[in-house]
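Enquirer: A single structure is presented below for examination.
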Amino acid sequence: METKDKVLNSALILFVENGFDATTSSITKRARVSSGILFHYFNTKTDLIIELYTKILSEYYSQAAQTLQDIPQNDLEKYQKIVRLSQEKMVYWGINNWQKFQYLQLFEGSLLANQFSLQENKEIEKMYLRFYEVTRLGIEYGYLKNLPVDYLTNIGVVMSSYDIKYFHENPKYWNDENFKEDLWQIQWNIIAK
């Protein structure tokens, strides 16, 4: 494992355990590197926090963005399958990367979230814009409610986040296909026209 990755992994563990009160000295101790090495890669602790968020968010979004191709204009069933698969991939990632998901939640609930900009992170912006475009097309094709695109896009992300938390706390339901189908129908009905 490269030194920078050791620092990021140590920071992930300590931030999830202690919040952003975790010190850079505790991170370097856990990573078994000097503070000079940490500050070689990150000018400030805030830079470390934001880069870790960017890396994890990119990983999270990429799970779903892969499935959002060729949105059909006259095939509601195919559109639903694409959206559902995208959502399931995000949930699956969150369940299997619980600590990273917790970090996303920690960051997004902090004041530091105001320092993150999609426009400064082109890769993440591109993935988010893909979600946005799929939602916009869903509205245009009459599949989704005629609400602001960003609102409906964010509803999807929020529902995925809640599902991750729920399945983490109630793992017996993850393999219950009837439960997952009912859950999907409830969520689809929230956004469907």
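Convention: chains lettered A, B, ... in structure tokens order; per-chain residue numbering from 1; ligands numbered from 1 as shown.
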Can you list, as a ChimeraX atom specification, every residue of range 11-52 of chain A that DSSP puts in alpha helix (DSSP H)?
Expert: /A:11-18,24-31,35-41,45-52
Enquirer: Generate the output file for the selected residues, C-alpha atoms, as an mmCIF file, in the first residue's frame.
Expert:
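File produced: part-v8.cif:
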```cif
data_model
loop_
_atom_site.group_PDB
_atom_site.id
_atom_site.type_symbol
_atom_site.label_atom_id
_atom_site.label_comp_id
_atom_site.auth_asym_id
_atom_site.auth_seq_id
_atom_site.Cartn_x
_atom_site.Cartn_y
_atom_site.Cartn_z
ATOM 1 C CA ALA A 11 -7.780 9.009 8.505
ATOM 2 C CA LEU A 12 -10.933 7.170 7.412
ATOM 3 C CA ILE A 13 -10.850 4.872 10.425
ATOM 4 C CA LEU A 14 -10.095 7.631 12.925
ATOM 5 C CA PHE A 15 -12.576 10.144 11.512
ATOM 6 C CA VAL A 16 -15.376 7.574 11.562
ATOM 7 C CA GLU A 17 -14.463 6.626 15.146
ATOM 8 C CA ASN A 18 -13.839 10.155 16.496
ATOM 9 C CA THR A 24 -3.253 14.614 12.530
ATOM 10 C CA SER A 25 -0.834 13.132 15.051
ATOM 11 C CA SER A 26 -3.218 10.236 15.730
ATOM 12 C CA ILE A 27 -3.547 9.710 11.968
ATOM 13 C CA THR A 28 0.220 9.664 11.417
ATOM 14 C CA LYS A 29 0.683 7.347 14.386
ATOM 15 C CA ARG A 30 -1.885 4.898 13.024
ATOM 16 C CA ALA A 31 -0.424 5.133 9.493
ATOM 17 C CA SER A 35 3.732 14.353 10.262
ATOM 18 C CA GLY A 36 6.031 15.670 7.525
ATOM 19 C CA ILE A 37 4.790 12.890 5.233
ATOM 20 C CA LEU A 38 1.151 13.713 5.978
ATOM 21 C CA PHE A 39 1.709 17.393 5.255
ATOM 22 C CA HIS A 40 3.681 16.525 2.131
ATOM 23 C CA TYR A 41 0.480 15.073 0.676
ATOM 24 C CA LYS A 45 -6.167 18.659 7.818
ATOM 25 C CA THR A 46 -9.123 20.134 5.921
ATOM 26 C CA ASP A 47 -7.438 19.247 2.624
ATOM 27 C CA LEU A 48 -7.062 15.670 3.885
ATOM 28 C CA ILE A 49 -10.727 15.530 4.910
ATOM 29 C CA ILE A 50 -11.937 16.882 1.571
ATOM 30 C CA GLU A 51 -9.676 14.655 -0.522
ATOM 31 C CA LEU A 52 -10.837 11.597 1.395
#
```
Enquirer: Using 9 Å as the limit and counting only C-alpha atoms, can you tabulate each residue of range 28-125 of chain A that touches range 168-183 of chain A, with its shortest atom-to-atom distance in Å and the two atoms involved, as CSV?
Expert:
```
residue,atom,partner,partner_atom,distance
A:Gly94,CA,A:His168,CA,8.7
A:Ile95,CA,A:His168,CA,6.0
A:Trp98,CA,A:His168,CA,7.9
```
Enquirer: Using only C-alpha atoms, tabulate the residues of range 21-69 of chain A lying at most 10 Å from any atom of range 124-132 of chain A, each with its closest atom pair and that distance in Å to one decimal, by chain and increasing residue number, as JSON lines.
Expert:
```
{"residue": "A:Thr54", "atom": "CA", "partner": "A:Ile124", "partner_atom": "CA", "distance": 7.8}
{"residue": "A:Lys55", "atom": "CA", "partner": "A:Ile124", "partner_atom": "CA", "distance": 9.2}
{"residue": "A:Leu57", "atom": "CA", "partner": "A:Ile124", "partner_atom": "CA", "distance": 7.5}
{"residue": "A:Ser58", "atom": "CA", "partner": "A:Ile124", "partner_atom": "CA", "distance": 5.6}
{"residue": "A:Glu59", "atom": "CA", "partner": "A:Ile124", "partner_atom": "CA", "distance": 9.2}
{"residue": "A:Tyr60", "atom": "CA", "partner": "A:Ile124", "partner_atom": "CA", "distance": 9.8}
{"residue": "A:Tyr61", "atom": "CA", "partner": "A:Met127", "partner_atom": "CA", "distance": 6.5}
{"residue": "A:Ser62", "atom": "CA", "partner": "A:Met127", "partner_atom": "CA", "distance": 6.9}
{"residue": "A:Gln63", "atom": "CA", "partner": "A:Met127", "partner_atom": "CA", "distance": 9.9}
{"residue": "A:Ala64", "atom": "CA", "partner": "A:Phe131", "partner_atom": "CA", "distance": 8.6}
{"residue": "A:Ala65", "atom": "CA", "partner": "A:Met127", "partner_atom": "CA", "distance": 5.8}
{"residue": "A:Gln66", "atom": "CA", "partner": "A:Met127", "partner_atom": "CA", "distance": 8.9}
{"residue": "A:Leu68", "atom": "CA", "partner": "A:Arg130", "partner_atom": "CA", "distance": 7.2}
{"residue": "A:Gln69", "atom": "CA", "partner": "A:Arg130", "partner_atom": "CA", "distance": 8.9}
```
Enquirer: Export N, CA and C atoms of the chosen residues as an mmCIF file, in the first residue's frame?
Expert:
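This is the output file part_34.cif:
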```cif
data_model
loop_
_atom_site.group_PDB
_atom_site.id
_atom_site.type_symbol
_atom_site.label_atom_id
_atom_site.label_comp_id
_atom_site.auth_asym_id
_atom_site.auth_seq_id
_atom_site.Cartn_x
_atom_site.Cartn_y
_atom_site.Cartn_z
ATOM 1 N N THR A 54 -13.767 13.221 -1.425
ATOM 2 C CA THR A 54 -13.808 13.193 -2.888
ATOM 3 C C THR A 54 -13.534 11.789 -3.408
ATOM 4 N N LYS A 55 -12.541 11.146 -2.845
ATOM 5 C CA LYS A 55 -12.177 9.790 -3.266
ATOM 6 C C LYS A 55 -13.325 8.806 -3.007
ATOM 7 N N LEU A 57 -16.593 9.517 -2.418
ATOM 8 C CA LEU A 57 -17.790 9.876 -3.177
ATOM 9 C C LEU A 57 -17.669 9.416 -4.626
ATOM 10 N N SER A 58 -16.493 9.545 -5.196
ATOM 11 C CA SER A 58 -16.263 9.083 -6.563
ATOM 12 C C SER A 58 -16.500 7.578 -6.671
ATOM 13 N N GLU A 59 -16.001 6.852 -5.712
ATOM 14 C CA GLU A 59 -16.192 5.399 -5.683
ATOM 15 C C GLU A 59 -17.683 5.052 -5.570
ATOM 16 N N TYR A 60 -18.377 5.751 -4.698
ATOM 17 C CA TYR A 60 -19.814 5.521 -4.462
ATOM 18 C C TYR A 60 -20.626 5.817 -5.727
ATOM 19 N N TYR A 61 -20.433 6.998 -6.288
ATOM 20 C CA TYR A 61 -21.194 7.387 -7.477
ATOM 21 C C TYR A 61 -20.876 6.500 -8.678
ATOM 22 N N SER A 62 -19.638 6.060 -8.789
ATOM 23 C CA SER A 62 -19.263 5.269 -9.965
ATOM 24 C C SER A 62 -20.034 3.956 -10.025
ATOM 25 N N GLN A 63 -20.457 3.445 -8.874
ATOM 26 C CA GLN A 63 -21.229 2.204 -8.862
ATOM 27 C C GLN A 63 -22.516 2.342 -9.665
ATOM 28 N N ALA A 64 -23.171 3.462 -9.485
ATOM 29 C CA ALA A 64 -24.453 3.674 -10.140
ATOM 30 C C ALA A 64 -24.299 4.258 -11.535
ATOM 31 N N ALA A 65 -23.334 5.121 -11.708
ATOM 32 C CA ALA A 65 -23.188 5.824 -12.986
ATOM 33 C C ALA A 65 -22.949 4.852 -14.142
ATOM 34 N N GLN A 66 -22.312 3.717 -13.857
ATOM 35 C CA GLN A 66 -22.039 2.719 -14.890
ATOM 36 C C GLN A 66 -23.325 2.193 -15.531
ATOM 37 N N LEU A 68 -26.202 3.778 -15.937
ATOM 38 C CA LEU A 68 -27.080 4.802 -16.485
ATOM 39 C C LEU A 68 -26.725 5.123 -17.937
ATOM 40 N N GLN A 69 -26.948 4.173 -18.789
ATOM 41 C CA GLN A 69 -26.654 4.320 -20.210
ATOM 42 C C GLN A 69 -27.948 4.151 -21.012
#
```
Enquirer: Using only C-alpha atoms, which residue out of A:Gly138, A:Asn9, A:Ile190, A:Arg32 lies closest to Ile82 in chain A?
Expert: A:Gly138
Enquirer: Rounded to one decimal in Å, what is the spacing between CA of Asn154 in chain A and CA of Asn97 in chain A?
Expert: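 Calculated distance between CA of Asn154 in chain A and CA of Asn97 in chain A is 20.9 Å.
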Enquirer: Please, what distance in Å, to one decimal, runs between CA of Thr135 in chain A and CA of Leu152 in chain A?
Expert: 6.9 Å
Enquirer: What does the structure give for the distance between CA of Arg84 in chain A and CA of Ser117 in chain A, in Å to one decimal?
Expert: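 Interatomic distance here is 27.2 Å.
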Enquirer: I need the residue nearest Leu106 in chain A from this list: A:Glu120, A:Leu8, A:Tyr53, A:Met159. Use only C-alpha atoms for the distance.
Expert: A:Tyr53
Enquirer: If you count only C-alpha atoms, which residues fall within 9 Å of Ser160 in chain A, apart from same-chain ones fewer than 3 positions away, as number ranges by chain?
Expert: A: 87-88, 90-91, 94, 155-157, 163-165
Enquirer: Mind dumping the selected residues with C-alpha atoms as an mmCIF file, in the first residue's frame?
Expert:
```
data_model
loop_
_atom_site.group_PDB
_atom_site.id
_atom_site.type_symbol
_atom_site.label_atom_id
_atom_site.label_comp_id
_atom_site.auth_asym_id
_atom_site.auth_seq_id
_atom_site.Cartn_x
_atom_site.Cartn_y
_atom_site.Cartn_z
ATOM 1 C CA GLN A 87 -30.011 2.425 -6.864
ATOM 2 C CA GLU A 88 -29.291 -1.216 -5.946
ATOM 3 C CA MET A 90 -25.325 2.226 -4.604
ATOM 4 C CA VAL A 91 -26.989 0.358 -1.750
ATOM 5 C CA GLY A 94 -22.796 1.148 0.963
ATOM 6 C CA ILE A 155 -34.481 12.263 -3.502
ATOM 7 C CA GLY A 156 -32.947 9.232 -5.215
ATOM 8 C CA VAL A 157 -29.618 9.726 -3.463
ATOM 9 C CA ASP A 163 -31.707 2.012 2.394
ATOM 10 C CA ILE A 164 -28.025 1.482 3.172
ATOM 11 C CA LYS A 165 -28.577 2.376 6.825
#
```
